>>> print(open('input_19.cif').read())   # mmCIF, C-alpha atoms and all ligand atoms
data_structure
loop_
_atom_site.label_atom_id
_atom_site.label_comp_id
_atom_site.auth_asym_id
_atom_site.auth_seq_id
_atom_site.Cartn_x
_atom_site.Cartn_y
_atom_site.Cartn_z
CA MET F 1 43.65 -50.06 -22.64
CA PRO F 2 44.89 -53.47 -23.76
CA GLU F 3 42.98 -56.19 -21.87
CA LEU F 4 43.12 -59.98 -22.07
CA PRO F 5 41.87 -60.32 -25.70
CA ASP F 6 44.29 -57.64 -26.93
CA VAL F 7 47.28 -59.14 -25.12
CA GLU F 8 46.37 -62.68 -26.26
CA HIS F 9 46.24 -61.30 -29.79
CA PHE F 10 49.72 -59.78 -29.28
CA LYS F 11 50.94 -63.15 -27.98
CA ARG F 12 49.73 -64.93 -31.10
CA TYR F 13 51.27 -62.20 -33.25
CA ALA F 14 54.60 -62.70 -31.45
CA ASP F 15 54.33 -66.49 -31.89
CA SER F 16 53.87 -66.10 -35.63
CA THR F 17 56.65 -63.55 -36.18
CA LEU F 18 59.58 -63.17 -33.86
CA LEU F 19 60.58 -66.57 -32.46
CA ASN F 20 63.96 -68.25 -33.05
CA GLN F 21 65.82 -65.37 -34.68
CA GLU F 22 69.13 -64.14 -33.33
CA ILE F 23 68.98 -60.69 -31.79
CA SER F 24 71.69 -58.44 -33.24
CA GLU F 25 70.67 -54.99 -31.98
CA VAL F 26 68.60 -53.67 -29.10
CA ASP F 27 67.53 -50.04 -29.23
CA LEU F 28 65.80 -48.90 -26.06
CA GLN F 29 64.46 -45.44 -26.77
CA ASP F 30 62.91 -44.76 -23.39
CA THR F 31 64.22 -45.97 -20.04
CA LYS F 32 61.04 -44.79 -18.29
CA LEU F 33 59.43 -48.12 -19.21
CA LEU F 34 62.10 -50.20 -17.46
CA HIS F 35 60.96 -51.82 -14.24
CA SER F 36 63.58 -53.17 -11.78
CA THR F 37 66.20 -53.42 -14.48
CA THR F 38 68.66 -51.19 -16.32
CA ARG F 39 69.34 -50.44 -19.97
CA LYS F 40 72.70 -52.19 -19.68
CA LYS F 41 71.21 -55.34 -18.16
CA LEU F 42 68.46 -55.52 -20.79
CA LEU F 43 70.93 -55.09 -23.66
CA ASN F 44 73.40 -57.63 -22.25
CA THR F 45 70.64 -60.14 -21.60
CA LEU F 46 69.16 -59.93 -25.09
CA LYS F 47 72.07 -59.45 -27.48
CA GLY F 48 73.05 -62.64 -29.32
CA GLN F 49 70.06 -64.53 -27.92
CA SER F 50 66.69 -65.31 -29.45
CA PHE F 51 63.10 -65.57 -28.21
CA GLU F 52 62.09 -69.19 -27.80
CA ASN F 53 58.58 -69.08 -26.44
CA THR F 54 55.82 -66.78 -25.24
CA SER F 55 53.35 -66.82 -22.38
CA ARG F 56 50.54 -64.63 -21.09
CA HIS F 57 48.93 -64.16 -17.72
CA GLY F 58 46.20 -61.53 -17.47
CA LYS F 59 47.48 -58.44 -19.22
CA TYR F 60 51.17 -59.46 -19.01
CA LEU F 61 53.03 -60.89 -22.01
CA GLY F 62 56.23 -62.89 -21.52
CA LEU F 63 58.91 -63.58 -24.13
CA GLN F 64 61.28 -66.39 -23.15
CA ILE F 65 64.94 -65.70 -23.86
CA SER F 66 67.16 -68.52 -25.16
CA ASN F 67 69.91 -68.26 -22.54
CA ASN F 68 67.38 -68.07 -19.71
CA GLY F 69 64.79 -65.79 -18.22
CA TRP F 70 61.98 -63.78 -19.68
CA VAL F 71 61.25 -60.29 -20.90
CA VAL F 72 57.86 -59.26 -19.56
CA LEU F 73 55.85 -56.59 -21.34
CA HIS F 74 52.86 -54.72 -19.93
CA PHE F 75 51.07 -52.32 -22.24
CA GLY F 76 49.66 -49.82 -19.74
CA MET F 77 46.99 -47.60 -21.27
CA THR F 78 48.07 -48.00 -24.89
CA GLY F 79 50.45 -50.28 -26.66
CA GLN F 80 51.17 -52.32 -29.70
CA LEU F 81 53.66 -54.75 -31.20
CA GLY F 82 55.12 -54.60 -34.69
CA TYR F 83 57.35 -56.79 -36.83
CA ALA F 84 58.71 -55.55 -40.14
CA LYS F 85 61.77 -55.58 -42.34
CA ASP F 86 61.53 -51.87 -43.06
CA PRO F 87 62.08 -49.95 -39.80
CA GLU F 88 59.77 -47.23 -41.22
CA GLU F 89 56.90 -49.71 -41.05
CA VAL F 90 56.99 -50.35 -37.30
CA PRO F 91 54.27 -48.61 -35.24
CA ARG F 92 54.60 -44.99 -34.14
CA PHE F 93 55.79 -44.38 -30.59
CA THR F 94 58.09 -47.40 -30.63
CA ARG F 95 60.03 -47.43 -27.34
CA LEU F 96 61.94 -50.70 -27.80
CA LEU F 97 63.23 -51.79 -31.19
CA ILE F 98 64.93 -55.18 -31.50
CA THR F 99 66.73 -56.07 -34.72
CA PHE F 100 67.33 -59.69 -35.68
CA ASP F 101 70.16 -61.06 -37.81
CA ASN F 102 67.67 -61.55 -40.67
CA ASP F 103 67.29 -57.73 -40.68
CA TYR F 104 63.72 -57.85 -39.40
CA HIS F 105 62.70 -55.57 -36.55
CA PHE F 106 60.46 -56.16 -33.58
CA ALA F 107 58.89 -53.08 -32.02
CA PHE F 108 57.19 -52.49 -28.69
CA ALA F 109 55.21 -49.27 -29.06
CA ASN F 110 53.79 -47.41 -26.09
CA GLN F 111 52.45 -43.95 -26.78
CA ARG F 112 51.66 -42.81 -23.25
CA ARG F 113 54.73 -44.46 -21.72
CA LEU F 114 52.69 -46.13 -19.00
CA GLY F 115 53.71 -49.60 -20.11
CA ARG F 116 56.49 -51.64 -18.64
CA ILE F 117 59.49 -53.74 -19.67
CA GLN F 118 61.09 -56.00 -17.10
CA LEU F 119 63.25 -59.12 -16.79
CA VAL F 120 62.30 -62.12 -14.64
CA ASP F 121 63.90 -65.53 -14.17
CA ASP F 122 60.59 -67.33 -14.46
CA PHE F 123 57.42 -65.89 -16.01
CA LYS F 124 55.42 -67.29 -13.09
CA ASN F 125 57.26 -64.87 -10.78
CA ILE F 126 55.17 -62.06 -12.22
CA ILE F 127 52.03 -63.63 -10.75
CA GLU F 128 53.49 -63.47 -7.28
CA GLU F 129 55.21 -60.11 -7.65
CA GLU F 130 52.07 -58.42 -8.93
CA ASP F 131 49.70 -60.47 -6.76
CA LEU F 132 47.66 -61.55 -9.80
CA GLY F 133 44.60 -63.75 -9.52
CA PRO F 134 43.93 -66.63 -11.90
CA ASP F 135 43.78 -65.78 -15.61
CA ALA F 136 40.21 -65.02 -16.70
CA LEU F 137 40.47 -67.40 -19.66
CA ARG F 138 41.87 -70.33 -17.70
CA ILE F 139 39.98 -70.12 -14.42
CA SER F 140 37.68 -73.09 -13.71
CA LYS F 141 33.98 -72.60 -13.07
CA ASN F 142 34.37 -73.84 -9.49
CA ASP F 143 37.21 -71.44 -8.74
CA PHE F 144 35.25 -68.58 -10.29
CA ARG F 145 32.22 -69.40 -8.15
CA GLU F 146 34.34 -69.56 -5.03
CA LEU F 147 36.12 -66.28 -5.76
CA LEU F 148 33.00 -64.33 -6.58
CA SER F 149 30.61 -65.51 -3.91
CA GLY F 150 30.92 -63.76 -0.60
CA ARG F 151 32.44 -60.58 -2.06
CA ARG F 152 30.80 -57.47 -0.65
CA GLY F 153 31.81 -55.04 -3.39
CA SER F 154 30.12 -54.59 -6.74
CA VAL F 155 30.54 -57.27 -9.36
CA LYS F 156 32.27 -54.69 -11.55
CA SER F 157 34.88 -53.88 -8.91
CA PHE F 158 35.52 -57.61 -8.46
CA PHE F 159 36.65 -57.84 -12.09
CA MET F 160 38.63 -54.59 -12.02
CA ASN F 161 40.89 -55.87 -9.24
CA GLN F 162 43.63 -57.93 -10.92
CA SER F 163 44.31 -59.72 -7.62
CA ASN F 164 40.87 -61.34 -7.86
CA ILE F 165 41.01 -62.34 -11.50
CA ALA F 166 43.61 -61.28 -14.07
CA GLY F 167 42.98 -59.92 -17.54
CA MET F 168 39.61 -58.18 -17.36
CA GLY F 169 39.53 -54.37 -17.63
CA ASN F 170 36.86 -51.73 -18.02
CA VAL F 171 35.72 -52.62 -21.53
CA TYR F 172 35.51 -56.42 -21.34
CA THR F 173 34.05 -56.38 -17.83
CA ASP F 174 31.20 -54.19 -19.12
CA GLU F 175 30.81 -56.58 -22.06
CA ALA F 176 30.65 -59.73 -19.92
CA LEU F 177 28.11 -58.16 -17.54
CA TYR F 178 26.00 -56.86 -20.43
CA GLN F 179 25.92 -60.26 -22.10
CA ALA F 180 25.07 -61.97 -18.81
CA GLY F 181 22.31 -59.41 -18.04
CA ILE F 182 23.87 -58.40 -14.72
CA HIS F 183 23.93 -54.81 -13.49
CA PRO F 184 27.53 -53.66 -12.88
CA SER F 185 26.81 -52.20 -9.44
CA LEU F 186 25.08 -55.34 -8.13
CA PRO F 187 27.00 -56.57 -5.05
CA ALA F 188 28.85 -59.78 -5.92
CA ASN F 189 27.41 -61.58 -2.89
CA LYS F 190 23.86 -60.94 -4.18
CA LEU F 191 24.43 -63.07 -7.28
CA GLU F 192 22.54 -66.37 -7.43
CA ASP F 193 24.53 -69.50 -8.29
CA GLU F 194 22.72 -69.60 -11.60
CA GLN F 195 23.78 -66.02 -12.41
CA ILE F 196 27.40 -66.78 -11.51
CA ASP F 197 27.41 -69.83 -13.78
CA GLY F 198 25.80 -67.84 -16.59
CA LEU F 199 28.34 -65.04 -16.17
CA TYR F 200 31.19 -67.57 -16.29
CA GLU F 201 29.88 -69.19 -19.48
CA ARG F 202 29.28 -65.82 -21.19
CA MET F 203 32.69 -64.49 -20.16
CA GLN F 204 34.52 -67.55 -21.52
CA LYS F 205 32.65 -67.47 -24.81
CA MET F 206 33.00 -63.69 -25.14
CA LEU F 207 36.77 -63.72 -24.48
CA LYS F 208 37.33 -66.47 -27.06
CA GLN F 209 35.23 -64.64 -29.65
CA ALA F 210 37.03 -61.35 -28.93
CA ILE F 211 40.41 -63.01 -29.42
CA LYS F 212 39.19 -64.53 -32.68
CA ALA F 213 38.12 -61.04 -33.76
CA GLN F 214 41.71 -59.89 -32.99
CA ALA F 215 40.27 -57.63 -30.27
CA ASN F 216 38.88 -55.40 -33.01
CA PRO F 217 35.38 -54.09 -32.08
CA GLU F 218 34.51 -53.75 -35.76
CA LYS F 219 34.82 -57.51 -36.15
CA MET F 220 32.65 -58.28 -33.12
CA PRO F 221 29.00 -59.38 -33.24
CA GLU F 222 26.54 -56.52 -33.62
CA ASP F 223 24.50 -57.63 -30.62
CA TRP F 224 27.46 -57.02 -28.32
CA LEU F 225 27.82 -53.88 -26.22
CA LEU F 226 31.26 -53.06 -27.67
CA PRO F 227 30.15 -51.90 -31.14
CA ASN F 228 27.39 -49.84 -29.44
CA ARG F 229 29.45 -48.52 -26.56
CA GLU F 230 28.32 -44.87 -26.40
CA GLU F 231 26.13 -42.80 -24.14
CA ASP F 232 22.53 -43.01 -25.40
CA GLY F 233 23.59 -45.53 -28.03
CA ASP F 234 20.90 -48.04 -29.01
CA CYS F 235 20.89 -51.25 -27.05
CA PRO F 236 21.08 -54.00 -29.68
CA ARG F 237 18.96 -56.34 -27.52
CA CYS F 238 16.00 -54.17 -26.49
CA GLN F 239 14.38 -50.84 -27.39
CA GLY F 240 16.35 -49.07 -24.68
CA LYS F 241 19.39 -46.82 -24.62
CA ILE F 242 22.90 -47.51 -23.34
CA LYS F 243 23.66 -45.51 -20.19
CA THR F 244 26.85 -44.66 -18.34
CA ALA F 245 27.57 -44.47 -14.63
CA LYS F 246 30.66 -44.37 -12.45
CA VAL F 247 31.11 -47.80 -10.90
CA SER F 248 34.29 -48.68 -9.07
CA GLY F 249 35.66 -45.30 -10.17
CA ARG F 250 35.38 -46.11 -13.86
CA THR F 251 32.93 -44.98 -16.53
CA THR F 252 30.73 -48.00 -17.02
CA TYR F 253 28.43 -48.65 -19.99
CA PHE F 254 25.32 -50.74 -19.49
CA CYS F 255 21.67 -51.14 -20.48
CA PRO F 256 19.33 -50.42 -17.52
CA LYS F 257 16.61 -52.55 -19.14
CA CYS F 258 18.70 -55.63 -19.95
CA GLN F 259 20.90 -55.56 -16.84
CA ARG F 260 18.89 -55.93 -13.66
CA LYS F 261 20.02 -54.97 -10.20
CA SER F 262 18.58 -58.10 -8.63
ZN ZN B 301 18.88 -53.46 -23.50
#
>>> encode(input="input_19.cif", output="C-alpha cells")
Amino acid sequence: MPELPDVEHFKRYADSTLLNQEISEVDLQDTKLLHSTTRKKLLNTLKGQSFENTSRHGKYLGLQISNNGWVVLHFGMTGQLGYAKDPEEVPRFTRLLITFDNDYHFAFANQRRLGRIQLVDDFKNIIEEEDLGPDALRISKNDFRELLSGRRGSVKSFFMNQSNIAGMGNVYTDEALYQAGIHPSLPANKLEDEQIDGLYERMQKMLKQAIKAQANPEKMPEDWLLPNREEDGDCPRCQGKIKTAKVSGRTTYFCPKCQRKS
C-alpha cells in the first residue's frame, strides 16, 4: 500500500513530468474512484487547463489546476502514476488518462480500484475533511512528543491512525519501530522521553532515505527491516529471526531480540 515515501516519490515524479501542459483530453475509465464529484464535473474542470503545482499531505497527493482548485489522488491499496508519449507505455490498470496538447499522456493507475479521485477548492481542505494529523515528515519533535505521550494504545496503533499522524502505514511503521528498537505492542504511554526522541529521529531519517531510494526496498540499506521483511527471516542486526504478530489488526514484522517491550 502506498505510504508517505511512495506518495512523495509520486509527487516528485509529477513535478518532473506533467506540470504546465495544456490538457486536451480526459479519459476517466472508472467512475468508482470518484469521490464527491462526477465525471462531467471532472472533465469540465480539467479540459483546457494545466497542472501548475503539486502538494502532499500524508498519503494524499494534490495537483493544482490552473483555473483554480485541486485534483486530489489517493492510491488506496495499490497505485501508480505514469507519463509517456506512447499510450501503450502507461501502467496497466490505468483508470484516469489525461492527454496534453504535446501528445503526452498522464496516467493514474489503480489495480484494486480502492483509490480515490476528488476535486477540492483548496488542498488544505483535505486535512479537515479526512481529519488528518500532521504529516509525518513535517511534524516537529515537540509536537510528536506531545501527540505520542499519554496515548493508551500500542505505539503501532498510534501510527496506523491517520488522525494522529498522517503518512505512516503498516510497512514504514514497522520499519521505524524496528530501527528505534521499540516493540510494536508497547503502549505509547510507556515510552520514555528518550525513546520518543530516538523514535522521532529514526523516523525522520528513515523516511528521507526511503524517499531517496524511490520507495524501492531493493535500494534500501541491508540493515533495515524492509529488505528482510519475512517470517523467520534473518534479523540483520542480531542473530535472531524476524517474527510476525497481529498488532492493531495488522500483520506486524519485528525482531523480538532487538525490539524490547519495556
Ligand atoms: Zn534483531
>>> atom_distance(input="input_19.cif", atom1="atom CA of F:Asn102", atom2="atom CA of F:Val26")
14.0 Å
>>> residues_near_ligand(input="input_19.cif", ligand="ligand ZN 301 (chain B)", cutoff="7 Å", atoms="all atoms listed in the file", output="MDAnalysis selection string")
chainID F and resid 235:241 255:258
>>> closest_residue(input="input_19.cif", among="F:Ala107, F:Val155, F:Leu42, F:Met220", to="F:Ser185", atoms="all atoms listed in the file")
F:Val155
>>> closest_residue(input="input_19.cif", among="F:Gln162, F:Thr54, F:Asp143, F:Lys59", to="F:Phe123", atoms="all atoms listed in the file")
F:Thr54
>>> atom_distance(input="input_19.cif", atom1="atom CA of F:Lys190", atom2="atom CA of F:Phe254")
18.5 Å
>>> atom_distance(input="input_19.cif", atom1="atom CA of F:Gly169", atom2="atom CA of F:Gly133")
13.4 Å
>>> closest_residue(input="input_19.cif", among="F:Asn68, F:Asn189, F:Ser248, F:Asp232", to="F:Asn161", atoms="all atoms listed in the file")
F:Ser248
>>> residues_around(input="input_19.cif", residues="stretch 29-34 of chain F", least_positions_apart="5", cutoff="6 Å", atoms="all atoms listed in the file", output="PDB file with C-alpha atoms, in the frame of the given file")
ATOM      1  CA  ARG F  95      60.030 -47.430 -27.340  1.00  0.00           C
ATOM      2  CA  LEU F  96      61.940 -50.700 -27.800  1.00  0.00           C
ATOM      3  CA  GLY F 115      53.710 -49.600 -20.110  1.00  0.00           C
ATOM      4  CA  ARG F 116      56.490 -51.640 -18.640  1.00  0.00           C
ATOM      5  CA  ILE F 117      59.490 -53.740 -19.670  1.00  0.00           C
ATOM      6  CA  GLN F 118      61.090 -56.000 -17.100  1.00  0.00           C
TER       7      GLN F 118
END
>>> closest_residue(input="input_19.cif", among="F:Asp121, F:Glu3, F:Glu130, F:Glu25", to="F:Thr99", atoms="only C-alpha atoms")
F:Glu25
>>> residues_around(input="input_19.cif", residues="stretch 16-24 of chain F", least_positions_apart="4", cutoff="10 Å", atoms="only C-alpha atoms", output="PyMOL selection string")
chain F and resi 10-12+46-54+63-66+82-84+98-106
>>> residues_around(input="input_19.cif", residues="F:Ala176", least_positions_apart="4", cutoff="8 Å", atoms="only C-alpha atoms", output="VMD selection string")
chain F and resid 172 180 199 202 to 203 206
>>> residues_around(input="input_19.cif", residues="stretch 213-216 of chain F", least_positions_apart="4", cutoff="8 Å", atoms="all atoms listed in the file", output="JSON list (two decimals) with C-alpha atoms, in the coordinates of the input")
[["chain", "number", "residue", "atom", "x", "y", "z"],
["F", 5, "PRO", "CA", 41.87, -60.32, -25.70],
["F", 6, "ASP", "CA", 44.29, -57.64, -26.93],
["F", 9, "HIS", "CA", 46.24, -61.30, -29.79],
["F", 209, "GLN", "CA", 35.23, -64.64, -29.65],
["F", 220, "MET", "CA", 32.65, -58.28, -33.12]]
